[in-house]
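K.L.:
To be precise about what I am sending: the file is called query-v3.cif and holds mmCIF, C-alpha atoms.
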data_protein
loop_
_atom_site.label_atom_id
_atom_site.label_comp_id
_atom_site.auth_asym_id
_atom_site.auth_seq_id
_atom_site.Cartn_x
_atom_site.Cartn_y
_atom_site.Cartn_z
CA MET T 1 -100.34 83.42 84.82
CA PRO T 2 -101.57 87.05 84.46
CA ARG T 3 -99.26 89.51 82.70
CA LYS T 4 -96.76 91.00 85.12
CA LYS T 5 -97.63 94.48 86.28
CA TYR T 6 -94.83 96.79 87.30
CA ASP T 7 -95.20 98.68 90.55
CA SER T 8 -93.90 102.18 89.79
CA LYS T 9 -93.37 102.87 93.49
CA LYS T 10 -91.17 99.79 93.87
CA VAL T 11 -89.24 100.61 90.69
CA ASN T 12 -88.48 104.04 92.16
CA ILE T 13 -87.44 102.57 95.54
CA VAL T 14 -85.02 100.17 93.84
CA GLY T 15 -83.62 102.92 91.62
CA ARG T 16 -83.09 105.29 94.55
CA PHE T 17 -81.36 102.55 96.58
CA PHE T 18 -78.73 102.07 93.90
CA GLU T 19 -78.29 105.83 93.45
CA ASP T 20 -77.71 106.22 97.20
CA LEU T 21 -75.24 103.33 97.10
CA ALA T 22 -73.37 104.85 94.16
CA GLU T 23 -73.05 108.11 96.09
CA ALA T 24 -71.54 106.19 99.02
CA ILE T 25 -69.02 104.36 96.82
CA PHE T 26 -67.56 107.37 95.00
CA ILE T 27 -66.43 110.86 95.91
CA CYS T 28 -69.01 112.50 93.71
CA GLU T 29 -71.92 114.91 93.63
CA ARG T 30 -75.39 114.61 92.20
CA SER T 31 -75.76 116.07 88.74
CA PRO T 32 -77.84 119.27 88.81
CA ASN T 33 -79.33 118.47 85.40
CA ASP T 34 -79.81 115.52 83.07
CA GLU T 35 -76.11 114.98 82.38
CA GLY T 36 -76.08 111.61 84.21
CA ASP T 37 -76.85 110.88 87.86
CA PHE T 38 -73.50 112.00 89.30
CA HIS T 39 -70.43 114.02 88.41
CA ILE T 40 -66.86 113.83 89.72
CA TRP T 41 -65.25 117.25 89.52
CA LYS T 42 -62.48 116.81 92.11
CA ASP T 43 -59.05 117.67 90.68
CA GLY T 44 -60.75 118.66 87.42
CA ALA T 45 -61.71 115.06 86.63
CA GLY T 46 -64.94 115.81 84.74
CA ILE T 47 -66.35 112.28 85.00
CA GLY T 48 -70.04 111.47 84.52
CA LEU T 49 -71.82 108.49 86.12
CA GLU T 50 -75.20 106.99 85.27
CA VAL T 51 -76.75 104.39 87.59
CA LYS T 52 -78.79 101.36 86.50
CA GLY T 53 -79.86 98.22 88.34
CA SER T 54 -81.01 94.73 87.36
CA ASP T 55 -81.28 91.32 88.92
CA ASN T 56 -79.11 88.43 87.76
CA LYS T 57 -81.89 86.93 85.59
CA HIS T 58 -82.68 90.05 83.54
CA GLU T 59 -80.88 92.54 81.35
CA PHE T 60 -79.65 96.03 82.03
CA ARG T 61 -81.67 98.34 79.79
CA LEU T 62 -79.79 101.41 78.59
CA PRO T 63 -81.96 103.85 76.62
CA LEU T 64 -80.38 104.62 73.25
CA HIS T 65 -81.12 108.33 73.49
CA GLN T 66 -79.29 108.43 76.86
CA ILE T 67 -76.26 106.63 75.48
CA GLU T 68 -76.01 109.05 72.57
CA PHE T 69 -76.44 112.11 74.77
CA PHE T 70 -73.91 110.98 77.38
CA LYS T 71 -71.43 110.13 74.65
CA ASN T 72 -71.74 113.60 73.15
CA ILE T 73 -71.22 115.46 76.44
CA SER T 74 -68.21 113.35 77.48
CA GLU T 75 -65.89 114.16 74.63
CA GLY T 76 -64.18 117.09 76.34
CA PHE T 77 -67.06 119.41 77.22
CA PRO T 78 -68.52 119.60 79.75
CA LEU T 79 -67.21 116.14 80.75
CA ASN T 80 -64.03 114.26 79.90
CA SER T 81 -65.33 110.71 80.32
CA PHE T 82 -68.49 108.81 81.21
CA PHE T 83 -69.26 105.50 82.93
CA PHE T 84 -72.39 103.44 83.46
CA MET T 85 -72.65 102.00 87.00
CA LEU T 86 -74.59 98.76 86.54
CA PHE T 87 -75.67 97.13 89.82
CA SER T 88 -76.50 93.41 89.60
CA TYR T 89 -78.25 91.61 92.47
CA HIS T 90 -79.31 88.02 93.12
CA ASN T 91 -83.08 87.51 92.89
CA PRO T 92 -84.01 83.81 93.23
CA ILE T 93 -87.22 82.45 91.74
CA ILE T 94 -89.67 80.97 94.27
CA LYS T 95 -93.06 79.29 93.97
CA THR T 96 -96.19 80.72 95.54
CA ASP T 97 -98.81 78.61 97.31
CA SER T 98 -100.80 78.84 94.06
CA GLY T 99 -97.95 77.29 92.10
CA TYR T 100 -96.89 80.48 90.30
CA GLU T 101 -93.20 81.33 89.98
CA ILE T 102 -92.22 84.79 91.20
CA THR T 103 -88.97 86.54 92.06
CA SER T 104 -87.95 86.79 95.70
CA LEU T 105 -88.08 90.58 95.54
CA SER T 106 -91.77 90.34 94.60
CA GLN T 107 -92.53 89.27 98.17
CA HIS T 108 -91.46 92.61 99.58
CA LYS T 109 -93.73 95.64 99.41
CA LYS T 110 -92.44 98.13 101.99
CA LYS T 111 -89.49 100.43 101.39
CA LEU T 112 -87.28 99.16 104.21
CA ALA T 113 -87.89 95.49 103.36
CA ILE T 114 -87.05 96.15 99.70
CA ARG T 115 -83.83 97.96 100.60
CA ARG T 116 -82.81 95.24 103.06
CA PHE T 117 -83.32 92.63 100.36
CA LEU T 118 -81.20 94.56 97.86
CA ALA T 119 -78.42 95.09 100.40
CA ALA T 120 -78.36 91.39 101.33
CA ASN T 121 -78.42 90.20 97.71
CA MET T 122 -76.11 92.66 95.99
CA GLU T 123 -73.61 90.73 93.82
CA THR T 124 -71.61 92.86 91.39
CA LEU T 125 -71.23 96.49 90.42
CA PHE T 126 -70.04 96.79 86.81
CA ILE T 127 -68.51 100.19 86.01
CA ILE T 128 -68.35 100.37 82.23
CA ASP T 129 -66.58 103.01 80.14
CA MET T 130 -68.64 104.59 77.36
CA ALA T 131 -66.11 103.28 74.80
CA VAL T 132 -67.00 99.71 75.86
CA ILE T 133 -70.73 100.46 75.61
CA ASP T 134 -70.12 101.31 71.94
CA LEU T 135 -68.68 97.82 71.40
CA LEU T 136 -71.65 96.12 73.09
CA PHE T 137 -73.98 97.14 70.25
CA ALA T 138 -72.44 94.31 68.21
CA VAL T 139 -73.35 91.61 70.76
CA CYS T 140 -76.45 92.85 72.61
CA ARG T 141 -80.03 93.12 71.48
CA ILE T 142 -82.00 96.34 71.05
CA SER T 143 -85.64 96.46 72.10
CA ASP T 144 -88.43 99.01 72.42
CA LYS T 145 -90.43 96.87 74.86
CA SER T 146 -87.98 96.28 77.69
CA ILE T 147 -87.99 99.32 79.98
CA PRO T 148 -90.66 99.04 82.71
CA LEU T 149 -93.23 101.84 82.50
CA HIS T 150 -91.60 103.22 79.32
CA ARG T 151 -92.65 100.94 76.48
CA GLY T 152 -91.67 102.34 73.10
CA VAL T 153 -88.31 103.67 74.30
CA LYS T 154 -85.50 101.82 72.51
CA SER T 155 -82.80 100.35 74.73
CA LEU T 156 -79.55 98.42 74.52
CA ASN T 157 -80.14 95.31 76.63
CA ILE T 158 -77.06 93.87 78.34
CA ARG T 159 -76.95 90.61 80.27
CA PRO T 160 -74.88 90.53 83.49
CA ARG T 161 -73.34 87.25 82.27
CA LEU T 162 -71.85 89.08 79.27
CA LEU T 163 -70.34 91.75 81.50
CA ARG T 164 -68.74 89.09 83.68
CA SER T 165 -67.05 87.65 80.58
CA LEU T 166 -65.28 90.98 80.04
CA THR T 167 -62.89 90.21 82.89
CA GLY T 168 -61.32 87.46 80.79
CA GLU T 169 -61.10 86.39 77.17
CA GLY T 170 -64.43 88.04 76.42
CA LEU T 171 -62.78 91.45 76.48
CA THR T 172 -60.18 90.31 73.94
CA VAL T 173 -62.91 89.03 71.63
CA LEU T 174 -65.06 92.13 72.04
CA SER T 175 -62.15 94.47 71.31
CA GLY T 176 -61.28 92.59 68.12
CA GLY T 177 -57.98 91.48 69.61
CA ASN T 178 -56.90 95.04 70.43
CA ILE T 179 -56.66 94.19 74.12
CA LYS T 180 -54.16 97.00 74.80
CA LYS T 181 -56.97 99.48 74.24
CA PHE T 182 -59.00 98.18 77.20
CA ILE T 183 -58.43 96.83 80.69
CA SER T 184 -60.58 95.26 83.39
CA ARG T 185 -59.95 95.62 87.11
CA SER T 186 -61.80 93.63 89.77
CA PHE T 187 -62.18 94.43 93.46
CA VAL T 188 -64.01 93.26 96.56
CA CYS T 189 -65.95 96.01 98.32
CA GLU T 190 -66.92 95.79 101.98
CA MET T 191 -68.81 98.65 103.57
CA LYS T 192 -71.37 99.80 106.06
CA PHE T 193 -73.98 101.52 103.96
CA ARG T 194 -76.13 104.05 105.80
CA PRO T 195 -78.58 105.73 103.41
CA ASP T 196 -80.26 107.52 106.32
CA LEU T 197 -80.13 107.79 110.12
CA LEU T 198 -82.53 104.88 110.68
CA GLU T 199 -81.03 102.43 108.22
CA SER T 200 -77.71 100.59 108.13
CA HIS T 201 -76.52 97.65 106.01
CA ILE T 202 -73.31 95.62 106.15
CA MET T 203 -72.51 94.82 102.53
CA LYS T 204 -69.93 92.84 100.57
CA PHE T 205 -69.90 92.64 96.77
CA SER T 206 -67.64 92.72 93.73
CA ILE T 207 -66.75 95.81 91.70
CA VAL T 208 -65.57 95.35 88.11
CA PHE T 209 -64.20 98.25 86.05
CA VAL T 210 -63.94 97.83 82.28
CA GLY T 211 -62.68 100.48 79.90
CA ARG T 212 -59.76 102.38 78.44
CA PRO T 213 -56.72 102.31 80.78
CA LYS T 214 -56.51 106.06 81.34
CA GLU T 215 -60.23 106.41 81.99
CA VAL T 216 -60.40 103.41 84.34
CA GLU T 217 -57.41 104.56 86.39
CA GLY T 218 -58.92 108.04 86.44
CA VAL T 219 -62.18 106.92 88.05
CA VAL T 220 -60.74 104.26 90.40
CA LYS T 221 -58.87 106.90 92.39
CA PHE T 222 -62.16 108.54 93.37
CA LEU T 223 -63.49 105.54 95.28
CA SER T 224 -64.74 106.77 98.65
CA PRO T 225 -62.87 105.95 101.89
CA ARG T 226 -66.26 104.86 103.23
CA ALA T 227 -65.95 101.75 101.04
CA LEU T 228 -63.15 99.31 101.86
CA VAL T 229 -62.05 98.23 98.38
CA THR T 230 -59.32 95.60 97.86
CA PRO T 231 -58.06 94.02 94.60
CA LYS T 232 -59.70 90.70 93.83
CA ALA T 233 -57.38 87.70 93.80
#
Could the structure of this file be written out as structure tokens, please?
P.N.:
Amino acid sequence: MPRKKYDSKKVNIVGRFFEDLAEAIFICERSPNDEGDFHIWKDGAGIGLEVKGSDNKHEFRLPLHQIEFFKNISEGFPLNSFFFMLFSYHNPIIKTDSGYEITSLSQHKKKLAIRRFLAANMETLFIIDMAVIDLLFAVCRISDKSIPLHRGVKSLNIRPRLLRSLTGEGLTVLSGGNIKKFISRSFVCEMKFRPDLLESHIMKFSIVFVGRPKEVEGVVKFLSPRALVTPKA
């Protein structure tokens, strides 16, 4: 099978979809610079948010230079804390008439079809505290060949399966037994997502917060009333 070629237009459509969704989930504002995608300033919170997306069969790729920069700016000035919003969606493998295996998303070329697919297949939003990202360096691989259209940029590659383990014993193991330092909170989110006047999606997916107790409780309270969020049983 020929080497996969990334469609930069599709990559941008997918990225913008998750940014728009993040803006609908939180009471936040777009960052005016490169200090993450969004900021939460209400009540002096000073929280930064960076959005990434990946399907369930691939890794989240977090550029190392971004991690270092966001860490430095979230230690009291100009921000107090920082979270990565990692959107994971289901993307089944299918066979073409020629016998090649491709992802389901590969079938869709137009913007609206791509966004409908993402809305229908959204699974879990992981909201991960920067302090937890630091711990993931011990269990995740680093690559300079993983980020589409940006080969040579080193990234921390995180599998969604690993993040799911952080809601249970995995968090205890990752924290070296110091479980009191971190918590995980899981919710079910149901919402009508309207990124523009001509587009509307009924969505239901999980939200998992992982981080230091104070930081997690600090960001949870800024969930938007547009998203009906209930604790997961």
K.L.:
Got a sec: who's within 8 Å of segment 13-16 of chain T, counting all atoms listed in the file, leaving out chain neighbours fewer than 5 positions off, as a list in words?
P.N.:
Lys52, Gly53, Lys111, Ile114, Arg115 and Leu118 of chain T
K.L.:
Using only C-alpha atoms, can you tell me which of T:Phe82, T:Asn121, T:Ile142, T:Lys57 comes closest to Ile102 of chain T?
P.N.:
T:Lys57
K.L.:
When you count all atoms listed in the file, which of these residues is closest to Leu223 of chain T: T:Arg161, T:Cys189, T:Lys109, T:His90?
P.N.:
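Using all atoms listed in the file, Leu223 of chain T sits closest to T:Cys189.
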K.L.:
Find the residue from T:Glu35, T:Asp43, T:Glu199, T:Asp129 that sits nearest to Leu79 of chain T; use only C-alpha atoms when measuring.
P.N.:
T:Glu35
K.L.:
Mind telling me what the PyMOL selection byres ((chain T and resi 201) around 9) catches here, as a PyMOL selection string?
P.N.:
chain T and resi 116+119-120+191-195+199-200+202-203
K.L.:
Under the rule that all atoms listed in the file are counted, which of T:Val173, T:Ser165, T:Leu198, T:Gly44 is the nearest residue to Leu112 of chain T?
P.N.:
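Of T:Val173, T:Ser165, T:Leu198, T:Gly44, the one nearest Leu112 of chain T, counting all atoms listed in the file, is T:Leu198.
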K.L.:
Which residue out of T:Arg159, T:Arg164, T:Arg226, T:Lys71 has the minimum interatomic distance to Asp134 of chain T when all atoms listed in the file are used?
P.N.:
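Of the candidates, the smallest distance to Asp134 of chain T is held by T:Lys71.
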K.L.:
Which residue out of T:Ala22, T:Val188, T:Val132, T:Leu156 has the minimum interatomic distance to Phe60 of chain T when all atoms listed in the file are used?
P.N.:
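Checking each candidate against Phe60 of chain T, we get T:Leu156 as the closest.
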K.L.:
Got a sec to check which residues sit within 12 Å of (-76.9, 112.2, 75.2), counting all atoms listed in the file, and write them as a list in words?
P.N.:
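Protein, DNA and RNA residues close to (-76.9, 112.2, 75.2): Asp34, Glu35, Gly36, Gly48, Glu50, Leu62, Pro63, Leu64, His65, Gln66, Ile67, Glu68, Phe69, Phe70, Lys71, Asn72, Ile73, Ser74, Glu75, Leu79, Phe82 and Met130 of chain T.
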K.L.:
Between atom CA of Phe126 of chain T and atom CA of Ala227 of chain T, measure the distance and give it in Å to one decimal.
P.N.:
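Between atom CA of Phe126 of chain T and atom CA of Ala227 of chain T the gap is 15.6 Å.
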K.L.:
In Å, with one decimal, what is the gap from atom CA of Lys180 of chain T to atom CA of Phe83 of chain T?
P.N.:
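Taking atom CA of Lys180 of chain T and atom CA of Phe83 of chain T, their separation equals 19.1 Å.
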K.L.:
Name the residues that the PyMOL selection byres ((chain T and resi 162) around 10) picks from the file above, as a list in words, using the file's chain letters and numbers.
P.N.:
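In the shown coordinates, the PyMOL selection byres ((chain T and resi 162) around 10) covers Glu59, Leu136, Val139, Cys140, Ile158, Arg159, Pro160, Arg161, Leu163, Arg164, Ser165, Leu166, Thr167, Gly170 and Leu171 of chain T.
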K.L.:
Could you write out that same residue set with C-alpha atoms as a compact mmCIF listing (two decimals), keeping the file's coordinate frame?
P.N.:
# COMPACT_ATOMS: atom_id res chain seq x y z
CA GLU T 59 -80.88 92.54 81.35
CA LEU T 136 -71.65 96.12 73.09
CA VAL T 139 -73.35 91.61 70.76
CA CYS T 140 -76.45 92.85 72.61
CA ILE T 158 -77.06 93.87 78.34
CA ARG T 159 -76.95 90.61 80.27
CA PRO T 160 -74.88 90.53 83.49
CA ARG T 161 -73.34 87.25 82.27
CA LEU T 163 -70.34 91.75 81.50
CA ARG T 164 -68.74 89.09 83.68
CA SER T 165 -67.05 87.65 80.58
CA LEU T 166 -65.28 90.98 80.04
CA THR T 167 -62.89 90.21 82.89
CA GLY T 170 -64.43 88.04 76.42
CA LEU T 171 -62.78 91.45 76.48
K.L.:
Expand the PyMOL selection byres ((chain T and resi 93) around 8) into the explicit residue set it covers here, and present it as a ChimeraX atom specification.
P.N.:
/T:91-92,94-95,101-104
